[in-house]
Amino acid sequence: MCEIVEIYFLPKFVLNPFIFMKLLNANQIKSADKFTLEEQKISSLQLMERAAETAVEYLISKIRNTQKFCIFCGKGNNGGDGFAIARLLYQKSYDVEVFTDLSNINFSDEAKTNFQKVKSISGIDLNDFSEVENMRFKANSIILDCIFGIGLNRKIEGKIERLIQVLNTINLKKISIDIPSGLLSDGFTPNDFTVLKADETLSFQFWKKAFFYPETGRFCGKIQILNIGISENFIASSESTEYIIDEHLIKNIYQPREDFVNKGTFGKTVMIAGSYGKIGAAVLATKAALKSGSGLTFCAAPKCGYNVLQNSAPEAMFIESGENFIEFLDLPEDGVLGIGPGLGTEADTEKVVLNLIKNQKMPMVIDADALNILSKNKDFLKYIPTNSIITPHPKEFERLFGASKNAFERTELAKRKAKELNIFIVLKGHHTQIISPEKEVFYNITGNSGMAKGGSGDALTGIITSFLSQNYSPKNAAIFGVWLHGKAGDFAAEKYSKESILPSDLIENIAEVFKDLQP
Ligand SMILES: NC(=O)C1=CN([C@@H]2O[C@H](COP(=O)(O)OP(=O)(O)OC[C@H]3O[C@@H](n4cnc5c(N)ncnc54)[C@H](OP(=O)(O)O)[C@@H]3O)[C@@H](O)[C@H]2O)[C@@H](O)CC1
Ligand SMILES: Nc1ncnc2c1ncn2[C@@H]1O[C@H](COP(=O)(O)OP(=O)(O)O)[C@@H](O)[C@H]1O
Ligand SMILES: [K+]
């Protein structure tokens with residue numbers, strides 16, 4: 001799975017923060033290359049050299065105890081990168097061995113030039129791909145995959161397919177350059193494609209759509225974006241409706257707390273949550289709302305939760321709403337509502353929830369059992385107030401809108417539904433997506449698998465509702481909330497490990513994220 005992500009900048013290429021976040025497709029990336037050559041008056045060979053230098057600089061700075069680099073190069077420019085990387089690593093005194101298809105050397109122009117340079121260095125062993133079957137790799141060797149990049153246009157077959165199958169069985173660290181070979185960059189890769197399974201992917205300048213989806217992202221390992229100075233003007237003028245949520249975007253959204261304010265300035269957050277046995281969900285959502293800056297916080301829950309809620313979140317006000325589950329609601333005026341965590345689906349609760357959603361005019365946050373209640377009848381979906389935020393995990397999404405063949409199609413369905421219902425859909429997962437009524441997609445890159453535990457979603461509902469009540473627009477509340485939730489999870493995982501973190505630790509670490517955000 002993709003893990004915590006960093007962006008590596010060569011000191012000479014500092015990118016304008018506000019254009020970095022666009023997701024471009026392979027054709028746009030190729031056009032960006034061409035545009036860059038003209039704008040910067042450099043040759044494609046020079047751009048390739050720059051890409052290879054950046055990769056080598058990164059490898060040297062991060063990788064310890066490596067005895068040898070075994071570099072597998074294809075016939076296109078991804079292979080060209082590989083040959084150039086081999087030469088540069090060799091010049092830095094690393095032991096380097098290069099593999100390519102010596103029986104079919106119809107390289108691209110740039111790959112050919114770099115192949116010839118490698119060939120002329122007697123200290124670099126040059127082998128045919130087929131020799132990998134008999135190789136005994138030294139322990140601590142690293143395999144660099146430069147077989148195919150974003151130019152892949154069909155399933156890999158024959159000799160190279162066999163090569164990738166063998167490489168996938170070798171127990172050495174594998175780093176893919178630009179994208180794991182065999183993966184299509186812009187969409188679903190059919191299941192019968194053979195793809196190299198990387199531990200790490202060093203991607204030039206751009207995120208690729210394939211990195212974000214479970215069926216394809218699982219091949220990429222840890223993603224590292226290497227900035228190689230592609231034209232900012234080109235990126236700024238490129239058409240895209242898909243974005244990556246990075247710190248620059250967040251710093252644009254975040255509103256630091258002013259001095260002359262009072263609790264009324266920061267909204268009235270009302271969490272409607274909990275039932276007997278699931279009061280924890282109400283506690284987590286309420287605490288997360290408090291920790292994210294809500295001015296006044298209420299929790300409407302059944303009476304059985306009174307003691308635990310007042311003890312664990314004394315800053316929040318309790319609104320008794322039934323005995324063991326929610327049976328009625330008497331909510332404060334002007335409250336911003338977040339509904340769903342741990343509600344259960346008792347008949348009385350269902351009635352109250354539907355009635356509330358139907359009569360609500362202001363945008364609200366709808367999660368968990370409130371979504372399950374809505375999914376019982378497709379006609380209920382039109383009750384959702386305009387500009388509301390729903391936060392389904394994949395199963396809840398399927399209950400609401402039906403099954404999809406794969407995660408790419410699920411996103412397309414979510415885009416149609418967000419537009420049709422005029423709502424924001426937060427599609428939760430390893431890379432949570434926020435989908436707007438304008439069919440934009442925002443991909444989150446914070447968060448980790450330590451958050452795959454019951455209760456993490458309840459915290460997210462609390463955070464987003466809190467932001468909505470603090471006057472962030474629904475779009476910004478969803479984007480900022482999802483990012484902050486993941487970032488707090490990353491801080492917590494660093495302290496306690498992915499295995500041991502609890503959603504409560506995540507909530508505690510919201511403070512670290514805000515400390516980090518201070519101007
Ligand atoms: N982006 C950037 O900023 C920079 C990008 N750079 C690098 O360039 C890379 C893209 O290079 P690229 O276009 O030459 O593509 P790449 O994947 O190496 O080769 C494709 C070739 O293979 C072929 N082919 C395709 N599928 C096949 C299959 N299944 N089985 C067999 N053959 C297949 C296809 O030709 P075909 O056979 O279809 O005629 C084509 O010739 C990019 O990923 C990055 O590493 C840097 O150098 C500079 C900055
Ligand atoms: N592997 C993962 N990587 C990153 N985030 C994750 C991962 N697994 C779960 N999460 C996050 O944790 C939350 C889980 O939500 P959900 O499934 O609704 O849990 P619950 O309702 O049990 O609290 C979501 O925000 C999701 O994005
Ligand atoms: K590759």
# chains A, B, ... in the order shown; residues from 1 in each chain; ligands from 1
call {"tool": "residues_near_ligand", "arguments": {"ligand": "ligand 1", "cutoff": "7 Å", "atoms": "only C-alpha atoms and all ligand atoms", "output": "ChimeraX atom specification"}}
result
/A:29-30,33,47-48,51,74-81,108,147-157,177-179,182,204-205,230
call {"tool": "closest_atom_pairs", "arguments": {"of": "chain A", "to": "ligand 2", "cutoff": "9 Å", "atoms": "only C-alpha atoms and all ligand atoms", "output": "tab-separated table"}}
result
residue	atom	partner	partner_atom_place_in_ligand_line	distance
A:Met1	CA	ligand 2	1 (N)	7.8
A:Cys2	CA	ligand 2	3 (N)	8.4
A:Glu3	CA	ligand 2	3 (N)	7.8
A:Ala281	CA	ligand 2	23 (O)	7.4
A:Leu284	CA	ligand 2	23 (O)	8.9
A:Pro341	CA	ligand 2	21 (O)	7.0
A:Gly342	CA	ligand 2	21 (O)	8.2
A:Asp367	CA	ligand 2	18 (O)	7.7
A:Ala368	CA	ligand 2	21 (O)	6.1
A:Thr391	CA	ligand 2	18 (O)	7.6
A:Pro392	CA	ligand 2	18 (O)	6.6
A:His393	CA	ligand 2	17 (O)	5.2
A:Pro394	CA	ligand 2	17 (O)	8.1
A:Lys395	CA	ligand 2	17 (O)	8.7
A:Glu396	CA	ligand 2	18 (O)	8.6
A:Val426	CA	ligand 2	25 (O)	8.8
A:Leu427	CA	ligand 2	27 (O)	7.9
A:Lys428	CA	ligand 2	27 (O)	4.2
A:Gly429	CA	ligand 2	27 (O)	4.1
A:His430	CA	ligand 2	3 (N)	3.5
A:His431	CA	ligand 2	4 (C)	6.3
A:Thr432	CA	ligand 2	27 (O)	5.2
A:Gln433	CA	ligand 2	27 (O)	8.8
A:Asn444	CA	ligand 2	27 (O)	8.9
A:Ile445	CA	ligand 2	4 (C)	8.5
A:Thr446	CA	ligand 2	4 (C)	7.2
A:Gly447	CA	ligand 2	4 (C)	4.3
A:Asn448	CA	ligand 2	3 (N)	3.8
A:Ser449	CA	ligand 2	1 (N)	3.4
A:Gly450	CA	ligand 2	2 (C)	6.7
A:Met451	CA	ligand 2	10 (N)	4.7
A:Ala452	CA	ligand 2	8 (N)	3.5
A:Lys453	CA	ligand 2	22 (O)	5.9
A:Gly454	CA	ligand 2	22 (O)	3.2
A:Gly455	CA	ligand 2	23 (O)	3.2
A:Ser456	CA	ligand 2	23 (O)	4.0
A:Gly457	CA	ligand 2	23 (O)	3.2
A:Asp458	CA	ligand 2	23 (O)	4.5
A:Ala459	CA	ligand 2	23 (O)	7.0
A:Leu460	CA	ligand 2	25 (O)	5.9
A:Thr461	CA	ligand 2	25 (O)	8.6
A:Val482	CA	ligand 2	25 (O)	7.0
A:His485	CA	ligand 2	25 (O)	7.2
A:Gly486	CA	ligand 2	5 (N)	6.5
A:Gly489	CA	ligand 2	5 (N)	8.2
A:Pro503	CA	ligand 2	23 (O)	8.2
call {"tool": "atom_distance", "arguments": {"atom1": "CA of Asp125 (chain A)", "atom2": "CA of Val98 (chain A)"}}
result
6.1 Å
call {"tool": "residues_around", "arguments": {"residues": "Cys70 (chain A)", "least_positions_apart": "3", "cutoff": "12 Å", "atoms": "only C-alpha atoms", "output": "PyMOL selection string"}}
result
chain A and resi 66-67+73+82-83+85-86+89-90+94-100+124-127+129+132+135-146+167+172-176
call {"tool": "write_last_selection", "arguments": {"atoms": "C-alpha atoms", "output": "PDB file, in the first residue's frame"}}
result
ATOM      1  CA  THR A  66      23.505  -0.926  -0.301  1.00  0.00           C
ATOM      2  CA  GLN A  67      26.099  -3.152  -1.905  1.00  0.00           C
ATOM      3  CA  CYS A  73      16.081  -0.837 -18.444  1.00  0.00           C
ATOM      4  CA  GLY A  82      17.702   3.842 -16.025  1.00  0.00           C
ATOM      5  CA  PHE A  83      20.844   3.930 -18.198  1.00  0.00           C
ATOM      6  CA  ILE A  85      21.004   6.581 -13.413  1.00  0.00           C
ATOM      7  CA  ALA A  86      23.381   3.616 -13.827  1.00  0.00           C
ATOM      8  CA  LEU A  89      25.655   5.916  -9.660  1.00  0.00           C
ATOM      9  CA  TYR A  90      28.779   4.318 -11.108  1.00  0.00           C
ATOM     10  CA  TYR A  94      28.523   2.455  -6.518  1.00  0.00           C
ATOM     11  CA  ASP A  95      28.653  -1.084  -7.824  1.00  0.00           C
ATOM     12  CA  VAL A  96      26.219  -1.153 -10.750  1.00  0.00           C
ATOM     13  CA  GLU A  97      24.893  -3.899 -13.000  1.00  0.00           C
ATOM     14  CA  VAL A  98      22.576  -3.155 -15.915  1.00  0.00           C
ATOM     15  CA  PHE A  99      20.046  -5.487 -17.567  1.00  0.00           C
ATOM     16  CA  THR A 100      18.252  -4.826 -20.836  1.00  0.00           C
ATOM     17  CA  ILE A 124      29.446  -1.548 -15.588  1.00  0.00           C
ATOM     18  CA  ASP A 125      28.309  -5.113 -16.308  1.00  0.00           C
ATOM     19  CA  LEU A 126      25.730  -5.222 -19.088  1.00  0.00           C
ATOM     20  CA  ASN A 127      23.447  -8.283 -19.238  1.00  0.00           C
ATOM     21  CA  PHE A 129      17.163  -9.677 -19.295  1.00  0.00           C
ATOM     22  CA  VAL A 132      18.224 -12.786 -14.386  1.00  0.00           C
ATOM     23  CA  MET A 135      21.675 -14.568 -11.214  1.00  0.00           C
ATOM     24  CA  ARG A 136      22.629 -14.802  -7.571  1.00  0.00           C
ATOM     25  CA  PHE A 137      22.039 -11.314  -6.257  1.00  0.00           C
ATOM     26  CA  LYS A 138      24.158 -10.072  -3.376  1.00  0.00           C
ATOM     27  CA  ALA A 139      22.231  -9.406  -0.197  1.00  0.00           C
ATOM     28  CA  ASN A 140      21.530  -5.668   0.227  1.00  0.00           C
ATOM     29  CA  SER A 141      21.370  -5.158  -3.511  1.00  0.00           C
ATOM     30  CA  ILE A 142      18.638  -2.860  -4.747  1.00  0.00           C
ATOM     31  CA  ILE A 143      16.637  -3.512  -7.894  1.00  0.00           C
ATOM     32  CA  LEU A 144      15.766  -0.400  -9.904  1.00  0.00           C
ATOM     33  CA  ASP A 145      12.823  -0.891 -12.213  1.00  0.00           C
ATOM     34  CA  CYS A 146      13.180   1.277 -15.336  1.00  0.00           C
ATOM     35  CA  LEU A 167      11.821 -10.047 -10.232  1.00  0.00           C
ATOM     36  CA  LEU A 172      15.367  -7.599  -2.454  1.00  0.00           C
ATOM     37  CA  LYS A 173      14.218  -3.999  -2.165  1.00  0.00           C
ATOM     38  CA  LYS A 174      12.675  -2.869  -5.452  1.00  0.00           C
ATOM     39  CA  ILE A 175      12.392   0.758  -6.449  1.00  0.00           C
ATOM     40  CA  SER A 176      10.378   1.722  -9.505  1.00  0.00           C
TER      41      SER A 176
END
call {"tool": "select_by_dssp", "arguments": {"residues": "region 59-187 of chain A", "states": "helix (DSSP H, G or I)", "output": "JSON, numbers by chain"}}
result
{"A": [59, 60, 61, 62, 77, 78, 79, 80, 81, 82, 83, 84, 85, 86, 87, 88, 89, 90, 91, 109, 110, 111, 112, 113, 114, 115, 116, 117, 118, 119, 129, 130, 131, 132, 133, 134, 158, 159, 160, 161, 162, 163, 164, 165, 166, 167, 168, 169]}
call {"tool": "write_last_selection", "arguments": {"atoms": "N, CA and C atoms", "output": "CSV table (one decimal), in the first residue's frame"}}
result
chain,number,residue,atom,x,y,z
A,59,LEU,N,18.4,8.8,-4.1
A,59,LEU,CA,18.8,7.5,-3.7
A,59,LEU,C,20.0,7.5,-2.7
A,60,ILE,N,21.0,8.4,-3.0
A,60,ILE,CA,22.2,8.4,-2.2
A,60,ILE,C,21.8,9.0,-0.8
A,61,SER,N,20.9,10.0,-0.8
A,61,SER,CA,20.6,10.6,0.5
A,61,SER,C,19.8,9.7,1.4
A,62,LYS,N,19.1,8.7,0.8
A,62,LYS,CA,18.2,7.9,1.7
A,62,LYS,C,18.6,6.5,1.9
A,77,ASN,N,11.9,5.9,-22.8
A,77,ASN,CA,12.6,6.8,-22.0
A,77,ASN,C,12.7,6.4,-20.6
A,78,ASN,N,11.8,5.6,-20.1
A,78,ASN,CA,12.0,5.1,-18.7
A,78,ASN,C,13.3,4.3,-18.7
A,79,GLY,N,13.6,3.5,-19.7
A,79,GLY,CA,14.8,2.8,-19.8
A,79,GLY,C,16.0,3.8,-19.9
A,80,GLY,N,15.8,4.9,-20.7
A,80,GLY,CA,16.8,5.9,-20.8
A,80,GLY,C,17.2,6.5,-19.5
A,81,ASP,N,16.1,6.7,-18.6
A,81,ASP,CA,16.4,7.2,-17.3
A,81,ASP,C,17.3,6.2,-16.5
A,82,GLY,N,17.0,4.9,-16.7
A,82,GLY,CA,17.7,3.8,-16.0
A,82,GLY,C,19.2,3.8,-16.4
A,83,PHE,N,19.4,3.9,-17.7
A,83,PHE,CA,20.8,3.9,-18.2
A,83,PHE,C,21.6,5.1,-17.6
A,84,ALA,N,20.9,6.3,-17.6
A,84,ALA,CA,21.6,7.5,-17.1
A,84,ALA,C,21.8,7.4,-15.6
A,85,ILE,N,20.8,6.8,-14.9
A,85,ILE,CA,21.0,6.6,-13.4
A,85,ILE,C,22.2,5.6,-13.2
A,86,ALA,N,22.3,4.6,-14.0
A,86,ALA,CA,23.4,3.6,-13.8
A,86,ALA,C,24.7,4.3,-13.9
A,87,ARG,N,24.9,5.1,-15.0
A,87,ARG,CA,26.1,5.9,-15.2
A,87,ARG,C,26.4,6.8,-14.0
A,88,LEU,N,25.4,7.5,-13.5
A,88,LEU,CA,25.7,8.5,-12.5
A,88,LEU,C,26.0,7.8,-11.2
A,89,LEU,N,25.3,6.7,-10.9
A,89,LEU,CA,25.7,5.9,-9.7
A,89,LEU,C,27.1,5.3,-9.7
A,90,TYR,N,27.4,4.9,-10.9
A,90,TYR,CA,28.8,4.3,-11.1
A,90,TYR,C,29.8,5.4,-10.9
A,91,GLN,N,29.5,6.6,-11.4
A,91,GLN,CA,30.5,7.7,-11.2
A,91,GLN,C,30.6,8.1,-9.7
A,109,ASP,N,15.4,7.5,-28.9
A,109,ASP,CA,16.7,8.2,-29.2
A,109,ASP,C,17.5,8.5,-27.9
A,110,GLU,N,16.7,8.9,-26.9
A,110,GLU,CA,17.4,9.3,-25.6
A,110,GLU,C,17.9,8.0,-24.9
A,111,ALA,N,17.1,7.0,-25.0
A,111,ALA,CA,17.6,5.7,-24.3
A,111,ALA,C,18.8,5.2,-25.1
A,112,LYS,N,18.8,5.3,-26.4
A,112,LYS,CA,19.9,4.8,-27.2
A,112,LYS,C,21.2,5.5,-26.8
A,113,THR,N,21.2,6.8,-26.7
A,113,THR,CA,22.4,7.6,-26.3
A,113,THR,C,22.9,7.2,-24.9
A,114,ASN,N,21.9,7.0,-24.0
A,114,ASN,CA,22.4,6.7,-22.7
A,114,ASN,C,22.8,5.2,-22.6
A,115,PHE,N,22.2,4.4,-23.4
A,115,PHE,CA,22.7,3.0,-23.5
A,115,PHE,C,24.1,2.9,-24.0
A,116,GLN,N,24.4,3.7,-25.1
A,116,GLN,CA,25.8,3.7,-25.6
A,116,GLN,C,26.8,4.2,-24.6
A,117,LYS,N,26.4,5.2,-23.8
A,117,LYS,CA,27.3,5.7,-22.7
A,117,LYS,C,27.6,4.6,-21.7
A,118,VAL,N,26.6,3.9,-21.3
A,118,VAL,CA,26.8,2.8,-20.4
A,118,VAL,C,27.7,1.7,-21.0
A,119,LYS,N,27.4,1.4,-22.3
A,119,LYS,CA,28.2,0.4,-22.9
A,119,LYS,C,29.7,0.7,-23.0
A,129,PHE,N,18.2,-9.4,-20.3
A,129,PHE,CA,17.2,-9.7,-19.3
A,129,PHE,C,17.1,-11.2,-18.9
A,130,SER,N,17.4,-12.0,-19.9
A,130,SER,CA,17.2,-13.5,-19.6
A,130,SER,C,18.1,-14.0,-18.6
A,131,GLU,N,19.3,-13.3,-18.4
A,131,GLU,CA,20.2,-13.8,-17.4
A,131,GLU,C,19.8,-13.7,-16.0
A,132,VAL,N,18.7,-13.0,-15.8
A,132,VAL,CA,18.2,-12.8,-14.4
A,132,VAL,C,17.9,-14.1,-13.7
A,133,GLU,N,17.5,-15.1,-14.6
A,133,GLU,CA,17.1,-16.4,-14.1
A,133,GLU,C,18.2,-17.1,-13.4
A,134,ASN,N,19.4,-16.8,-13.8
A,134,ASN,CA,20.6,-17.6,-13.3
A,134,ASN,C,21.4,-16.7,-12.3
A,158,GLY,N,5.5,-12.1,-23.1
A,158,GLY,CA,6.8,-12.7,-23.5
A,158,GLY,C,7.9,-12.6,-22.5
A,159,LYS,N,9.1,-12.3,-23.1
A,159,LYS,CA,10.3,-12.3,-22.3
A,159,LYS,C,10.3,-11.3,-21.1
A,160,ILE,N,9.7,-10.1,-21.4
A,160,ILE,CA,9.6,-9.1,-20.3
A,160,ILE,C,8.6,-9.4,-19.2
A,161,GLU,N,7.5,-10.1,-19.7
A,161,GLU,CA,6.6,-10.5,-18.6
A,161,GLU,C,7.3,-11.5,-17.7
A,162,ARG,N,8.0,-12.4,-18.3
A,162,ARG,CA,8.7,-13.5,-17.6
A,162,ARG,C,9.7,-12.8,-16.6
A,163,LEU,N,10.4,-11.8,-17.1
A,163,LEU,CA,11.4,-11.0,-16.3
A,163,LEU,C,10.7,-10.5,-15.1
A,164,ILE,N,9.6,-9.8,-15.3
A,164,ILE,CA,8.9,-9.2,-14.1
A,164,ILE,C,8.4,-10.2,-13.1
A,165,GLN,N,7.9,-11.3,-13.7
A,165,GLN,CA,7.5,-12.4,-12.8
A,165,GLN,C,8.6,-12.9,-11.9
A,166,VAL,N,9.8,-13.0,-12.5
A,166,VAL,CA,11.0,-13.5,-11.7
A,166,VAL,C,11.4,-12.4,-10.7
A,167,LEU,N,11.4,-11.1,-11.2
A,167,LEU,CA,11.8,-10.0,-10.2
A,167,LEU,C,10.9,-10.0,-9.0
A,168,ASN,N,9.6,-10.3,-9.3
A,168,ASN,CA,8.6,-10.2,-8.2
A,168,ASN,C,8.9,-11.3,-7.1
A,169,THR,N,9.6,-12.3,-7.5
A,169,THR,CA,9.9,-13.4,-6.5
A,169,THR,C,11.2,-13.1,-5.8
call {"tool": "closest_residue", "arguments": {"among": "A:Leu400, A:Ile105, A:Ile464, A:Ile244", "to": "Val365 (chain A)", "atoms": "only C-alpha atoms"}}
result
A:Ile464
call {"tool": "select_by_dssp", "arguments": {"residues": "region 62-232 of chain A", "states": "strand (DSSP E)", "output": "PyMOL selection string"}}
result
chain A and resi 68-73+95-100+125-128+141-146+173-177+200-204+222-227
call {"tool": "residues_around", "arguments": {"residues": "Phe424 (chain A)", "least_positions_apart": "4", "cutoff": "10 Å", "atoms": "only C-alpha atoms", "output": "list in words"}}
result
Pro363, Val365, Thr386, Asn387, Ser388, Ile389, Ile390, Thr391, Ala414, Lys415, Lys417, Ala418, Lys419, Ile434, Ile435, Ser436, Pro437, Glu438, Lys439, Glu440, Pro474, Lys475 and Ala478 of chain A
call {"tool": "write_last_selection", "arguments": {"atoms": "C-alpha atoms", "output": "CSV table (one decimal), in the first residue's frame"}}
result
chain,number,residue,atom,x,y,z
A,363,PRO,CA,-25.6,21.8,5.1
A,365,VAL,CA,-22.4,16.0,7.9
A,386,THR,CA,-27.8,20.8,-0.6
A,387,ASN,CA,-24.1,21.2,0.0
A,388,SER,CA,-24.1,18.6,2.8
A,389,ILE,CA,-21.1,16.3,3.3
A,390,ILE,CA,-21.6,12.6,3.4
A,391,THR,CA,-18.7,10.4,4.6
A,414,ALA,CA,-19.5,9.3,-6.9
A,415,LYS,CA,-18.9,12.2,-9.3
A,417,LYS,CA,-24.1,11.3,-7.6
A,418,ALA,CA,-22.4,14.4,-6.0
A,419,LYS,CA,-23.6,16.4,-9.0
A,434,ILE,CA,-13.5,14.4,-1.6
A,435,ILE,CA,-15.8,14.7,-4.6
A,436,SER,CA,-17.6,18.0,-5.2
A,437,PRO,CA,-20.9,18.7,-6.9
A,438,GLU,CA,-18.8,20.2,-9.8
A,439,LYS,CA,-17.3,16.7,-10.2
A,440,GLU,CA,-13.9,17.7,-8.9
A,474,PRO,CA,-18.5,22.7,3.0
A,475,LYS,CA,-15.8,22.0,0.4
A,478,ALA,CA,-14.3,18.4,4.0
call {"tool": "closest_residue", "arguments": {"among": "A:Thr201, A:Phe188, A:Lys268, A:Glu49", "to": "ligand 3", "atoms": "only C-alpha atoms and all ligand atoms"}}
result
A:Thr201
call {"tool": "residues_around", "arguments": {"residues": "Gly274 (chain A)", "least_positions_apart": "6", "cutoff": "10 Å", "atoms": "only C-alpha atoms", "output": "list in words"}}
result
Gly280, Ala281, Ala282, Val283, Ala285, Cys299, Ala300, Ala301, Pro302, Lys303, Cys304, Gly305, Asn324, Phe325, Ile326, Ile339, Gly340, Pro341, Gly342, Leu343, Gly344 and Asp369 of chain A
call {"tool": "write_last_selection", "arguments": {"atoms": "N, CA and C atoms", "output": "tab-separated table (two decimals), in the first residue's frame"}}
result
chain	number	residue	atom	x	y	z
A	280	GLY	N	-19.18	4.95	22.72
A	280	GLY	CA	-17.81	5.34	22.36
A	280	GLY	C	-17.78	6.16	21.08
A	281	ALA	N	-18.64	5.81	20.12
A	281	ALA	CA	-18.67	6.54	18.84
A	281	ALA	C	-19.03	8.01	19.09
A	282	ALA	N	-20.00	8.22	20.00
A	282	ALA	CA	-20.42	9.59	20.32
A	282	ALA	C	-19.28	10.33	21.03
A	283	VAL	N	-18.59	9.62	21.93
A	283	VAL	CA	-17.47	10.24	22.66
A	283	VAL	C	-16.38	10.67	21.67
A	285	ALA	N	-16.52	11.22	18.37
A	285	ALA	CA	-16.93	12.30	17.47
A	285	ALA	C	-16.94	13.64	18.23
A	299	CYS	N	-23.65	17.28	22.40
A	299	CYS	CA	-23.80	15.90	21.93
A	299	CYS	C	-25.21	15.43	22.27
A	300	ALA	N	-25.99	15.14	21.23
A	300	ALA	CA	-27.32	14.58	21.43
A	300	ALA	C	-27.18	13.07	21.40
A	301	ALA	N	-27.49	12.43	22.53
A	301	ALA	CA	-27.26	10.98	22.64
A	301	ALA	C	-28.29	10.42	23.63
A	302	PRO	N	-28.46	9.09	23.66
A	302	PRO	CA	-29.39	8.53	24.65
A	302	PRO	C	-28.85	8.65	26.08
A	303	LYS	N	-29.77	8.60	27.02
A	303	LYS	CA	-29.44	8.81	28.43
A	303	LYS	C	-28.36	7.83	28.94
A	304	CYS	N	-28.36	6.61	28.40
A	304	CYS	CA	-27.36	5.63	28.86
A	304	CYS	C	-25.94	6.12	28.64
A	305	GLY	N	-25.75	7.16	27.82
A	305	GLY	CA	-24.41	7.66	27.57
A	305	GLY	C	-24.04	8.87	28.41
A	324	ASN	N	-32.03	4.28	25.54
A	324	ASN	CA	-30.88	3.50	25.08
A	324	ASN	C	-30.50	3.76	23.63
A	325	PHE	N	-31.34	4.46	22.95
A	325	PHE	CA	-31.04	4.86	21.57
A	325	PHE	C	-31.82	6.15	21.31
A	326	ILE	N	-31.52	6.81	20.20
A	326	ILE	CA	-32.15	8.10	19.96
A	326	ILE	C	-33.63	7.90	19.58
A	339	ILE	N	-24.32	13.88	12.03
A	339	ILE	CA	-25.19	12.80	12.49
A	339	ILE	C	-24.72	11.44	11.99
A	340	GLY	N	-24.77	10.45	12.87
A	340	GLY	CA	-24.53	9.08	12.38
A	340	GLY	C	-23.74	8.14	13.26
A	341	PRO	N	-22.58	8.57	13.83
A	341	PRO	CA	-21.74	7.60	14.52
A	341	PRO	C	-22.49	6.82	15.62
A	342	GLY	N	-22.46	5.52	15.52
A	342	GLY	CA	-22.99	4.65	16.57
A	342	GLY	C	-24.48	4.76	16.84
A	343	LEU	N	-25.27	5.29	15.90
A	343	LEU	CA	-26.70	5.50	16.15
A	343	LEU	C	-27.49	4.21	16.27
A	344	GLY	N	-27.07	3.17	15.54
A	344	GLY	CA	-27.90	1.98	15.42
A	344	GLY	C	-29.03	2.26	14.44
A	369	ASP	N	-24.42	5.11	10.53
A	369	ASP	CA	-25.78	4.58	10.54
A	369	ASP	C	-26.79	5.54	9.91
call {"tool": "atom_distance", "arguments": {"atom1": "CA of Glu315 (chain A)", "atom2": "CA of Trp483 (chain A)"}}
result
24.8 Å
